[in-house]
Every structure is written in C-alpha cells, then in structure tokens.
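Asks: Dumping the structure here so I can ask a few things about it.
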Amino acid sequence: MVKGLSSIEAIKQLESHGYNELPSSKPKNIWRIALEVMKEPMFLLLISCGLLYMILGDYREGGILLSTIFIIIFITFYQYQKTEKALDALKRLSSPRALVIRNGKEIRIAGREVVPGDIIILNEGDRVPADAKLVEVLHLTVDESLLTGESVPVTKSFQANLTEPNGLVYSGTLVVQGKGMARVVATGIHTQFGKIGASLQNIEQDETRLQKEMKVLIRNFFIVGVFICIGVVLAFYFTRGHFIQSLLNGLAAAMAILPEEFPVVLTVFLALGAWRLSKNNVLTRKQSAIETLGSATVLCIHASQKNSIDPMEKAIGSIYQTIVAESRSVQKLIKEYPLSKTLFAMTRVLQTDSGDEFLVYCKGAPEAIFALCKMDEQEKATHLWEVQKMAEKGYRVIAVASGTYCNKMLPESQHDFDFKFKGLIGLEDPIRPEVPQAIKECNDAGIKVIMITGDFPATAKSIATQIGMDTQSEILTGDEMKYMSNEELRQRIDRINIFARVIPEQKLRMVQALKANQEIVAMTGDGVNDAPALKAAHIGIAMGSKGTDVAREASSLVLLDDNFASIVSAIRSGRKIFDNLQKAMSYILAIHIPIIGLTLLPAFFTSLPLLLMPLHIVFMELIIDPVCSIAFESEQEERGIMNRPPRDPNRQFFSGKRMLYSAAEGFLVLAVVIGVYFFSIHEGHTEGEVRAIAFSSLIVSNIFLILTNLSKTRSFVAVITEKNTAVWVIILAAILMLLLIISVPSLQEVFSFLFPGYQHFFSSLTGAAAILLILESIKYFRFVRTHAVKLNQ
C-alpha cells in the first residue's frame with residue numbers, strides 16, 4: 001500500500017479527474033429500484049391508503065392501489081435505465097486518454113482500454129493510465145502527491161530493476177514536465193491506486209445550485225403539506241365523522257400536495273442533457289456547467305517535436321523528415337532543451353553517425369531566436385519587418401536556427417550555443433467554415449467573444465477579420481498587460497476583444513478581471529498552464545483532441561472535436577435544457593393546484609361528494625411523471641433562443657413572478673373543473689356521474705395544459721405537428737385510459753364512476769377548450785409584446 005492521502009480523499013480526487021478504472025457499483029436491477037422506491041414518500045402514502053382501504057373492507061380498491069406500486073416501479077426503472085445509459089456513455093467519454101504504441105503505430109485510446117504489455121507514451125500534462133515501467137525518459141518529472149502526499153514532483157529515470165521507484169510511474173499520477181515511454185505492468189484494481197480504492201464503491205457528488213434550490217422548495221412543500229393534511233383530517237372528522245375515512249382523505253391530500261416529480265425531473269434532465277451535449281461533441285464533466293451555459297456572457301477562445309499531436313509540429317516535422325531523408329545521415333537525439341517561461345524557444349542536440357560533432361537545431365518565437373543568434377538591432381529590425389508582413393497575412397510565424405558543437409560536455413543553457421539564423425517559417429491555420437456563423441450567433445445571443453492568442457497582433461487581427469469579429473477596438477498584448485495593475489486591467493478589459501502575445505499564466509488574470517466586472521466567463525484552453533484559468537472560469541472548456549489531461553480535469557466541459565462551433569452549440573443546448581426544465585417544473589406546480597383544490601373542497605363543504613380519491617390521484621400521477629421527465633425533456637428549442645440576452649445567474653429558478661403565473665394556470669384549471677362539477681350537479685346527475693364528468697374535465701384540461709406549456713413561443717398547433725413522439729404516446733395513452741374507465745362497467749366501479757352518456761361530457765371538453773384558448777391568447781400577446789420590445793431596442 002502506498003502511503004499518503006486518505007483513501008476517501010484520494011478516491012475523490014481521482015474521481016473528480018474523470019478517472020474511471022476504479023471498481024464501481026453494479027448496475028441496479030429492477031429489485032434494487034423497487035427497494036429505493038419503497039423509501040419514497042409517495043410509495044409510503046400508497047401503502048398507507050391501500051391498507052386503510054383493506055381495513056375499511058374495500059379489498060378491491062385497496063388491492064388496486066397496492067398494485068399501482070408495480071406500475072410506478074416500472075416507470076421509475078425506465079427513467080433510471082434511460083438516465084444510466086446516458087451516464088454510462090458519458091463515463092466512457094470522460095475516461096482519461098492514453099497514447100499507446102500498438103502494431104508499430106501510435107494510437108490514442110481510453111485509459112480503461114490499456115492492458116499489461118502496452119507501451120504508453122507520456123507527455124507533459126498527461127495523467128498516467130496504469131502502473132508502468134519506464135523504458136525511455138527525457139527530463140521526466142511526475143507529481144505523485146495523489147499517492148504519497150508529497151508536493152514535490154519526482155524526477156524519473158530509466159532503471160533496469162523493476163522495484164526501483166524512480167523507474168516506475170503509477171496510475172493516476174501526473175506528468176508535469178518532460179516525456180517518456182513505459183511498458184504497462186498493472187491496470188485497474190491491480191495498480192497501487194486501485195488497491196487503495198478497492199474497498200470504496202460510491203462517492204457522493206456535490207449538489208448543484210439548482211439541486212439545492214429544489215431541495216428547499218420540496219422541503220417547503222412538505223412542511224405546508226403536513227399542516228394541510230392534518231387540517232383535512234380534522235375537518236373531515238369533525239364535519240363527517242369516521243376517523244379512518246378522514247385519515248384516508250388526509251393521505252389523499254398529501255399525495256396531491258407532495259411534488260415528488262421535482263427531484264426525478266431534475267435528475268433526468270441533467271443526465272439526458274449531458275448525454276445530448278455529448279452527441280454534439282461536448283463532454284460535460286460537471287453538471288453545474290449545464291445550468292451555467294445559458295448565462296454565459298463572455299467566451300474567451302484560442303485561436304516541434306517529432307510525432308507531436310500538435311498540427312504545427314506535424315507540419316514542421318514533415319519538412320524535417322524530408323531534409324533528413326535527402327541527407328541520408330543517421331542522427332541520434334542526445335539532449336533536448338525545453339521551452340521555458342523565460343525563453344520561448346527549444347533546442348535539440350543530435351549526434352551524427354560519424355560522432356565527431358553535435359548538430360544543434362533551435363526553433364521558437366522570432367524574438368527569442370534573434371536573441372539566441374545575438375543579432376544587432378539593425379538585423380533584428382530587418383527580420384521583424386518580414387515577420388510583420390507575414391503576420392498581416394494571418395500566418396503564425398516561428399524562427400529557426402542551427403549550429404554545431406564540438407565539446408563533449410554540453411552547456412547548461414541554450415544561450416551558450418553559437419547559433420546561425422536560418423529563416424522564418426509561416427504556418428497558416430485555416431479557419432473552419434462554420435466559425436464565422438458561430439461568431440455571429442454569439443453576437444446575436446449577447447455573448448462577447450474574446451480572442452486570446454500567442455500570435456503577433458497583426459496575425460490576431462487578420463484572423464479576427466476572417467472570422468467576423470470586431471477589429472475596430474484596441475488590441476492588448478501580453479507585454480502591455482505585465483505592467484497593468486489588476487484594477488487597470490478590469491477597467492480596460494470591457495473595451496478589448498483581442499489579446500495577442502499572451503502567455504497562459506496571464507489568462508487567469510483575464511478571467512479574474514472579467515469576473516470582477518460581473519461577467520459569466522467561459523474560457524477555453526488545452527495546456528498545463530491553462531488549468532488555473534479553466535478552473536477559475538465559470539465554465540472551463542478543454543480541448544479534447546489536443547488538450548492535456550490536466551486541462552480536461554480542470555474544466556467543466558471538454559470539446560471532443562476541438563471545434564469552436566461546438567461551444568456555441570453547447571450554449572444553445574444549455575439554454576434549451578434550462579428552458580425545458582423550467583417549463584416542466586412550472587407545469588408540475590400548475591397541475592398540482594387543481595388536484596389539491598379538488599381534494600380539499602369536500603373537507604370544507606360537507607354537502608359536496610368526494611371528487612378525488614387516492615386512486616384518481618394515482619391515475620393523474622401516472623400521466624404527470626412521464627410527461628415531465630420525457631415529453632418536456634424531448635421538446636424542441638424555443639424560437640429565437642439565440643437572439644435573447646444571457647440569463648441572469650443570480651435570478652432564482654422559480655422567481656415569484658413565474659410561480660405566480662404557474663399558480664394562476666392551476667387556479668384557472670381548478671375553476672373550470674369546479675364549474676363543470678357544479679354544472680353537472682345542476683343538470684341532476686348522480687354522484688358517480690358528476691365525479692366521472694368532473695374527472696374527465698380534469699384529465700382533458702391537463703392534456704391541454706401540457707400542450708400549451710410545451711412551448712412559450714410556438715402555438716399548440718405547432719407543438720402537435722412537430723416531432724415529439726413522447727407527447728403523442730403519453731396523450732393518446734391518457735385519452736384511451738380515460739375512455740376505458742368511464743365506459744367499461746368494471747373500471748367504472750373501481751373508480752366510483754357512473755356513465756352519464758357521451759353527450760354529457762361536452763361540458764368537460766368545452767371547459768378544457770376554454771383553458772386552452774385563454775392560455776394560448778396570453779402566450780401570443782406576451783410573445784408579440786416581447787418581440788416589439790426587442791425591435792424598439
């Protein structure tokens with residue numbers, strides 16, 4: 001056992017990195033789901049009601065109520081399975097990646113697919129996927145604090161002895177510098193880290209802000225529900241007597257009040273939302289990012305080693321290979337001087353097959369190469385003019401130099417070589433065709449796009465022009481930023497959208513300055529040094545193809561295709577998910593109002609027959625649950641979703657205005673159903689017939705309430721004609737079941753209905769149609785008013 005962090009701390013850290021090789025809990029089967037359902041309040045209420053019916057001697061209704069438990073378990077199991085499949089897909093995508101050599105080729109695979117005997121290639125920023133023995137190293141330094149608790153990185157070296165610690169790298173540790181190759185000796189639970197985690201199966205995840213708000217809302221509903229239930233029991237008992245029947249009515253009121261759909265809907269929406277984002281090449285690492293996407297106001301974006309994954313290095317490498325092939329000389333790498341924060345250049349020392357001298361090659365930023373070549377000011381000015389002309393064409397420019405060295409003792413610094421300037425290399429980074437449109441969408445959506453690049457200002461401006469960014473504002477360079485205070489940067493950053501010659505460490509200052517201006521910041525990055533900025537941003541976005549594991553771990557989202565357009569697509573999806581979630585929650589609140597009202601009404605008016613019994617409420621819940629978690633989640637985005645400003649993140653999910661409107665919808669349905677109820681009494685129908693007509697009015701009104709709430713910008717006709725299969729299935733099933741329970745004698749008896757004749761249900765349809773007309777009219781006028789305000793702006 002490797003000492004260091006406690007097991008729980010270590011597991012939590014590695015789980016937060018997306019590391020999925022540790023043993024996980026087994027998938028839940030339907031029996032485990034059933035055990036979980038038995039802990040839910042609704043289940044306990046159903047059990048209580050079923051037993052009370054048995055005590056009253058109504059074995060049939062009691063048995064039916066108890067049997068509905070299996071239907072609820074099935075629905076819960078379906079929802080859970082759908083969520084689990086989405087989460088499993090995300091888990092496979094979020095696994096740390098590994099670069100391995102198989103069949104003589106380098107391929108990138110998921111970390112869990114590494115097997116003993118694989119040769120893995122380790123680069124700076126990589127998370128080691130397995131325990132492995134080093135076979136080749138070059139300035140390799142590894143952070144093993146996750147295992148040992150030691151904060152100082154360990155320098156690794158090649159060791160023939162497998163038990164020598166410096167010759168081994170361990171699963172879960174982090175390469176902080178250099179590179180190496182290693183042969184895998186252990187994976188999964190057989191690694192040192194796996195031994196720590198073998199006894200731990202589940203780690204609790206922190207709740208998101210929305211989950212916390214929902215928990216408070218449900219708690220408040222529960223407290224109110226308890227008092228109302230007690231009041232209902234007492235009211236029924238003192239007005240009608242019969243304590244058991246009063247208790248049954250009180251439990252029915254509890255079933256009507258408790259919005260147990262809230263946590264289910266939230267879980268399903270966030271899980272399936274993350275899955276849908278992955279289909280658009282955006283991997284969600286933190287659920288809170290889905291909530292924040294719709295609030296983003298600023299989007300900061302990024303516009304040579306042999307066999308590098310960097311496209312620029314590959315381009316240089318292909319030229320280098322051609323030169324080597326033409327020279328027909330064999331060269332052996334002796335030493336590499338890496339690029340550093342103080343010198344933006346790297347040097348490789350190679351030895352020819354003759355062994356008489358060393359060949360020294362250097363590449364890097366033009367300014368750094370000019371300094372290494374010890375140019376005078378006039379020569380520098382001449383070459384800088386060439387650099388400027390290339391930069392204005394949008395080229396990324398690097399300089400190269402070479403030399404020879406005859407002393408067998410290599411110097412400590414690159415400055416000690418005698419370099420000769422060889423020239424400039426201009427590389428064109430073609431703009432993806434979809435980027436200009438994505439930039440336009442950001443502008444329309446009120447999102448400011450900021451370009452951050454290490455290129456020259458002229459290069460940055462040329463690229464910004466090509467992608468459709470505003471290039472009239474000033475350009476700030478990294479050198480200028482060095483001499484600015486944090487307050488000066490905060491004041492100027494609102495007027496700047498292009499930053500050039502920026503080093504990764506400066507991105508953190510930029511994020512902090514933007515956050516100080518109350519912006520919601522989305523920041524992209526791919527390197528080790530980008531991690532602090534990604535962590536500090538509200539939404540850190542790492543590159544999936546060329547990004548390091550460190551950047552991925554610090555981020556909230558990962559772009560699987562490294563495409564800027566995918567970020568914009570994620571913002572669009574985030575807005576859609578949040579919209580649909582709000583609509584689903586608003587519908588839940590609205591539909592519970594008439595259920596509560598119809599349950600309480602007979603408690604205070606003793607002359608009225610009971611309208612809703614536990615079985616009726618269960619029937620309603622069987623419609624509400626799948627509608628909320630499936631139909632609303634599948635609904636299309638609202639019209640003009642990217643033509644409105646970002647959502648204020650400080651605004652409550654359920655604002656007072658929104659709750660008031662949902663309650664108004666619910667009271668409208670309640671008023672209509674009560675109106676139909678009294679109209680049926682006035683027509684002289686029996687108690688069973690009145691109950692059947694009023695219940696039908698509630699069901700049809702509920703269907704129309706669903707249709708009008710599915711979209712806030714499209715009519716119910718547009719909603720019906722668009723592709724939302726779940727809505728059609730649920731509504732047709734509800735209508736079919738309603739027809740059966742009001743027309744089939746055996747079902748009529750179970751639901752305490754009597755059939756009055758189809759013509760007497762006209763009042764139910766008329767009342768429901770009135771609800772639809774009123775709500776659609778309100779929707780239309782609100783949309784017209786909002787559109788008019790936007791035009792005036």
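Naming works like this for the structure tokens: A, B, ... for the chains as they're shown, residue 1 at the start of each chain, ligands 1 onward in shown order.
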Near region 637-654 of chain A, within 6 Å and counting only C-alpha atoms, which residues show up once chain neighbours fewer than 3 positions away are dropped, as a PyMOL selection string?
Replies: chain A and resi 294-295+444-446+576+713
Asks: If we count only C-alpha atoms and set the cut-off at 12 Å, which residues sit around Glu749 (chain A), ignoring sequence neighbours fewer than 3 positions away in its own chain? Please answer as a PDB file with N, CA and C atoms, in the first residue's frame.
Replies:
ATOM      1  N   ASP A  58     -62.784  -2.554   1.797  1.00  0.00           N
ATOM      2  CA  ASP A  58     -62.800  -2.382   0.345  1.00  0.00           C
ATOM      3  C   ASP A  58     -61.532  -3.029  -0.213  1.00  0.00           C
ATOM      4  N   ARG A  60     -60.981  -4.638  -2.990  1.00  0.00           N
ATOM      5  CA  ARG A  60     -60.670  -4.446  -4.411  1.00  0.00           C
ATOM      6  C   ARG A  60     -59.908  -3.147  -4.638  1.00  0.00           C
ATOM      7  N   GLU A  61     -60.434  -2.036  -4.093  1.00  0.00           N
ATOM      8  CA  GLU A  61     -59.738  -0.755  -4.306  1.00  0.00           C
ATOM      9  C   GLU A  61     -58.387  -0.747  -3.602  1.00  0.00           C
ATOM     10  N   LEU A 615     -57.058   6.710  -5.692  1.00  0.00           N
ATOM     11  CA  LEU A 615     -56.872   6.060  -6.981  1.00  0.00           C
ATOM     12  C   LEU A 615     -56.897   7.066  -8.128  1.00  0.00           C
ATOM     13  N   GLY A 688     -71.911   9.565  -8.845  1.00  0.00           N
ATOM     14  CA  GLY A 688     -70.933   8.863  -9.676  1.00  0.00           C
ATOM     15  C   GLY A 688     -70.782   9.514 -11.041  1.00  0.00           C
ATOM     16  N   GLU A 689     -71.917   9.980 -11.613  1.00  0.00           N
ATOM     17  CA  GLU A 689     -71.859  10.642 -12.920  1.00  0.00           C
ATOM     18  C   GLU A 689     -71.136  11.987 -12.817  1.00  0.00           C
ATOM     19  N   ARG A 691     -68.875  12.805 -10.644  1.00  0.00           N
ATOM     20  CA  ARG A 691     -67.440  12.532 -10.455  1.00  0.00           C
ATOM     21  C   ARG A 691     -66.790  12.175 -11.782  1.00  0.00           C
ATOM     22  N   ALA A 692     -67.453  11.376 -12.621  1.00  0.00           N
ATOM     23  CA  ALA A 692     -66.896  10.979 -13.921  1.00  0.00           C
ATOM     24  C   ALA A 692     -66.732  12.186 -14.837  1.00  0.00           C
ATOM     25  N   LEU A 740     -61.698   4.221 -21.345  1.00  0.00           N
ATOM     26  CA  LEU A 740     -61.955   2.906 -20.743  1.00  0.00           C
ATOM     27  C   LEU A 740     -62.580   3.024 -19.362  1.00  0.00           C
ATOM     28  N   ILE A 741     -62.047   3.922 -18.524  1.00  0.00           N
ATOM     29  CA  ILE A 741     -62.541   3.972 -17.139  1.00  0.00           C
ATOM     30  C   ILE A 741     -63.918   4.630 -17.029  1.00  0.00           C
ATOM     31  N   ILE A 742     -64.325   5.390 -18.057  1.00  0.00           N
ATOM     32  CA  ILE A 742     -65.676   5.982 -17.984  1.00  0.00           C
ATOM     33  C   ILE A 742     -66.715   5.162 -18.728  1.00  0.00           C
ATOM     34  N   SER A 743     -66.256   4.172 -19.532  1.00  0.00           N
ATOM     35  CA  SER A 743     -67.228   3.409 -20.332  1.00  0.00           C
ATOM     36  C   SER A 743     -67.275   1.926 -19.993  1.00  0.00           C
ATOM     37  N   VAL A 744     -66.206   1.355 -19.441  1.00  0.00           N
ATOM     38  CA  VAL A 744     -66.192  -0.072 -19.089  1.00  0.00           C
ATOM     39  C   VAL A 744     -66.753  -0.230 -17.679  1.00  0.00           C
ATOM     40  N   PRO A 745     -67.838  -0.987 -17.497  1.00  0.00           N
ATOM     41  CA  PRO A 745     -68.515  -1.090 -16.191  1.00  0.00           C
ATOM     42  C   PRO A 745     -67.590  -1.489 -15.042  1.00  0.00           C
ATOM     43  N   SER A 746     -66.746  -2.486 -15.266  1.00  0.00           N
ATOM     44  CA  SER A 746     -65.883  -2.938 -14.166  1.00  0.00           C
ATOM     45  C   SER A 746     -64.917  -1.846 -13.720  1.00  0.00           C
ATOM     46  N   SER A 752     -65.337   4.498  -8.972  1.00  0.00           N
ATOM     47  CA  SER A 752     -66.568   5.101  -8.408  1.00  0.00           C
ATOM     48  C   SER A 752     -67.229   6.040  -9.403  1.00  0.00           C
ATOM     49  N   PHE A 753     -67.279   5.604 -10.660  1.00  0.00           N
ATOM     50  CA  PHE A 753     -67.906   6.386 -11.723  1.00  0.00           C
ATOM     51  C   PHE A 753     -69.225   5.730 -12.135  1.00  0.00           C
ATOM     52  N   LEU A 754     -70.089   6.539 -12.711  1.00  0.00           N
ATOM     53  CA  LEU A 754     -71.262   6.058 -13.437  1.00  0.00           C
ATOM     54  C   LEU A 754     -71.269   6.754 -14.789  1.00  0.00           C
ATOM     55  N   PHE A 755     -71.659   6.010 -15.828  1.00  0.00           N
ATOM     56  CA  PHE A 755     -71.601   6.564 -17.180  1.00  0.00           C
ATOM     57  C   PHE A 755     -72.850   7.395 -17.465  1.00  0.00           C
TER      58      PHE A 755
END
Asks: Skipping near chain neighbours, those fewer than 3 positions away, what residues fall within 9 Å of Leu772 (chain A) using only C-alpha atoms, listed as a list of chain:residue names?
Replies: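 Neighbouring residues, sequence-local ones excluded: A:Ser701, A:Phe704, A:Leu705, A:Leu707, A:Thr708, A:Phe716, A:Gly767, A:Ala768, A:Ala769, A:Leu775, A:Glu776, A:Ser777.
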Asks: If we count only C-alpha atoms and set the cut-off at 9 Å, which residues sit around region 337-340 of chain A, ignoring sequence neighbours fewer than 4 positions away in its own chain? Please answer as a compact mmCIF listing (two decimals) with all heavy atoms, in the first residue's frame.
Replies:
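New file around-v7.txt:
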# COMPACT_ATOMS: atom_id res chain seq x y z
N HIS A 139 13.90 14.21 -19.37
CA HIS A 139 13.53 15.24 -18.39
C HIS A 139 12.16 14.97 -17.79
O HIS A 139 11.33 15.88 -17.62
CB HIS A 139 13.52 16.64 -19.04
CG HIS A 139 14.79 17.00 -19.73
ND1 HIS A 139 15.98 17.15 -19.07
CD2 HIS A 139 15.06 17.24 -21.04
CE1 HIS A 139 16.94 17.48 -19.93
NE2 HIS A 139 16.40 17.52 -21.14
N GLY A 178 8.58 17.15 -19.21
CA GLY A 178 9.31 16.16 -19.98
C GLY A 178 8.42 15.14 -20.65
O GLY A 178 7.22 15.33 -20.83
N PHE A 344 11.15 31.53 -24.98
CA PHE A 344 10.20 30.84 -25.84
C PHE A 344 10.91 30.22 -27.03
O PHE A 344 10.69 30.58 -28.18
CB PHE A 344 9.12 31.81 -26.32
CG PHE A 344 8.26 32.33 -25.21
CD1 PHE A 344 7.86 33.66 -25.19
CD2 PHE A 344 7.87 31.51 -24.17
CE1 PHE A 344 7.07 34.15 -24.16
CE2 PHE A 344 7.08 31.98 -23.14
CZ PHE A 344 6.68 33.30 -23.12
N ALA A 345 11.77 29.28 -26.72
CA ALA A 345 12.50 28.56 -27.77
C ALA A 345 12.92 27.21 -27.21
O ALA A 345 13.08 27.05 -26.00
CB ALA A 345 13.73 29.35 -28.23
N MET A 346 13.07 26.24 -28.12
CA MET A 346 13.55 24.92 -27.70
C MET A 346 14.68 24.48 -28.62
O MET A 346 14.73 24.85 -29.80
CB MET A 346 12.42 23.89 -27.72
CG MET A 346 11.83 23.60 -29.07
SD MET A 346 10.71 22.17 -29.05
CE MET A 346 11.89 20.85 -28.70
N THR A 347 15.59 23.72 -28.07
CA THR A 347 16.77 23.29 -28.81
C THR A 347 16.94 21.78 -28.68
O THR A 347 16.73 21.22 -27.60
CB THR A 347 18.03 24.00 -28.28
OG1 THR A 347 17.89 25.41 -28.49
CG2 THR A 347 19.28 23.53 -29.00
N ARG A 348 17.30 21.15 -29.78
CA ARG A 348 17.61 19.71 -29.78
C ARG A 348 19.05 19.52 -30.23
O ARG A 348 19.49 20.11 -31.22
CB ARG A 348 16.66 18.96 -30.71
CG ARG A 348 15.24 18.93 -30.21
CD ARG A 348 14.37 18.02 -31.07
NE ARG A 348 13.59 17.12 -30.24
CZ ARG A 348 13.11 15.95 -30.63
NH1 ARG A 348 13.35 15.53 -31.85
NH2 ARG A 348 12.41 15.18 -29.83
N VAL A 349 19.75 18.69 -29.47
CA VAL A 349 21.13 18.35 -29.79
C VAL A 349 21.17 16.93 -30.31
O VAL A 349 20.71 16.00 -29.64
CB VAL A 349 22.03 18.48 -28.54
CG1 VAL A 349 23.47 18.14 -28.89
CG2 VAL A 349 21.93 19.89 -27.96
N GLY A 364 11.57 28.63 -32.33
CA GLY A 364 10.80 29.32 -31.30
C GLY A 364 10.28 30.64 -31.78
O GLY A 364 10.25 30.95 -32.98
N GLU A 412 24.73 24.16 -20.01
CA GLU A 412 23.50 24.14 -19.24
C GLU A 412 22.39 24.94 -19.92
O GLU A 412 21.22 24.65 -19.77
CB GLU A 412 23.75 24.71 -17.84
CG GLU A 412 24.63 23.83 -16.96
CD GLU A 412 23.97 22.50 -16.63
OE1 GLU A 412 22.72 22.48 -16.46
OE2 GLU A 412 24.68 21.50 -16.56
N SER A 413 22.78 25.99 -20.66
CA SER A 413 21.79 26.90 -21.25
C SER A 413 21.89 26.93 -22.77
O SER A 413 22.96 26.72 -23.35
CB SER A 413 22.00 28.31 -20.68
OG SER A 413 21.22 29.25 -21.38
N GLN A 414 20.77 27.22 -23.42
CA GLN A 414 20.74 27.36 -24.87
C GLN A 414 21.56 28.56 -25.33
O GLN A 414 22.04 28.60 -26.46
CB GLN A 414 19.30 27.52 -25.37
CG GLN A 414 18.38 26.36 -25.02
CD GLN A 414 16.95 26.59 -25.49
OE1 GLN A 414 16.71 26.70 -26.68
NE2 GLN A 414 16.02 26.67 -24.55
Asks: Quick one: distance from CA of Ala734 (chain A) to CA of Pro626 (chain A) in Å, one decimal?
Replies: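 Answer for the CA of Ala734 (chain A) to CA of Pro626 (chain A) separation: 11.2 Å.
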Asks: Pick out the residues sitting within 12 Å of Met375 (chain A), and hand them over as a list in words; count only C-alpha atoms, and ignore anything fewer than 3 positions along from it in its own chain.
Replies: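 Skipping anything fewer than 3 positions along the chain leaves Pro366, Glu367, Ala368, Ile369, Phe370, Ala371, Leu372, Gln378, Glu379, Lys380, Ala381, Thr382, His383, Leu384, Asp418, Phe419, Lys420 and Phe421 of chain A.
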Asks: The selected residues should be written to file as an mmCIF file, in the first residue's frame (atoms: C-alpha atoms).
Replies:
data_model
loop_
_atom_site.group_PDB
_atom_site.id
_atom_site.type_symbol
_atom_site.label_atom_id
_atom_site.label_comp_id
_atom_site.auth_asym_id
_atom_site.auth_seq_id
_atom_site.Cartn_x
_atom_site.Cartn_y
_atom_site.Cartn_z
ATOM 1 C CA PRO A 366 11.208 35.159 -33.545
ATOM 2 C CA GLU A 367 12.278 37.473 -30.724
ATOM 3 C CA ALA A 368 13.777 34.562 -28.787
ATOM 4 C CA ILE A 369 15.654 33.179 -31.802
ATOM 5 C CA PHE A 370 17.002 36.640 -32.687
ATOM 6 C CA ALA A 371 18.387 36.899 -29.148
ATOM 7 C CA LEU A 372 19.966 33.426 -29.315
ATOM 8 C CA GLN A 378 19.581 46.634 -37.487
ATOM 9 C CA GLU A 379 19.437 42.928 -38.337
ATOM 10 C CA LYS A 380 16.576 42.435 -35.867
ATOM 11 C CA ALA A 381 14.603 45.290 -37.416
ATOM 12 C CA THR A 382 15.033 43.792 -40.915
ATOM 13 C CA HIS A 383 13.723 40.400 -39.875
ATOM 14 C CA LEU A 384 10.932 41.868 -37.704
ATOM 15 C CA ASP A 418 26.696 29.517 -31.379
ATOM 16 C CA PHE A 419 23.532 29.710 -33.469
ATOM 17 C CA LYS A 420 23.207 30.875 -37.064
ATOM 18 C CA PHE A 421 19.847 32.260 -38.151
#
Asks: If you run DSSP on the backbone here, which positions in region 399-531 of chain A get helix (DSSP H, G or I)? Please write them as a PyMOL selection string.
Replies: chain A and resi 414-416+435-444+457-467+478-482+486-495+504-516+528-531
Asks: Would you work out the distance separating CA of Ile699 (chain A) from CA of Leu738 (chain A), expressed in Å to one decimal?
Replies: 7.8 Å
Asks: Just want the 8 Å neighbourhood of region 451-468 of chain A, counted on only C-alpha atoms, with same-chain residues fewer than 3 positions away dropped. Output as a ChimeraX atom specification.
Replies: /A:300-303,388,390-397,431,435-436,439-440,471,475,477,497-503
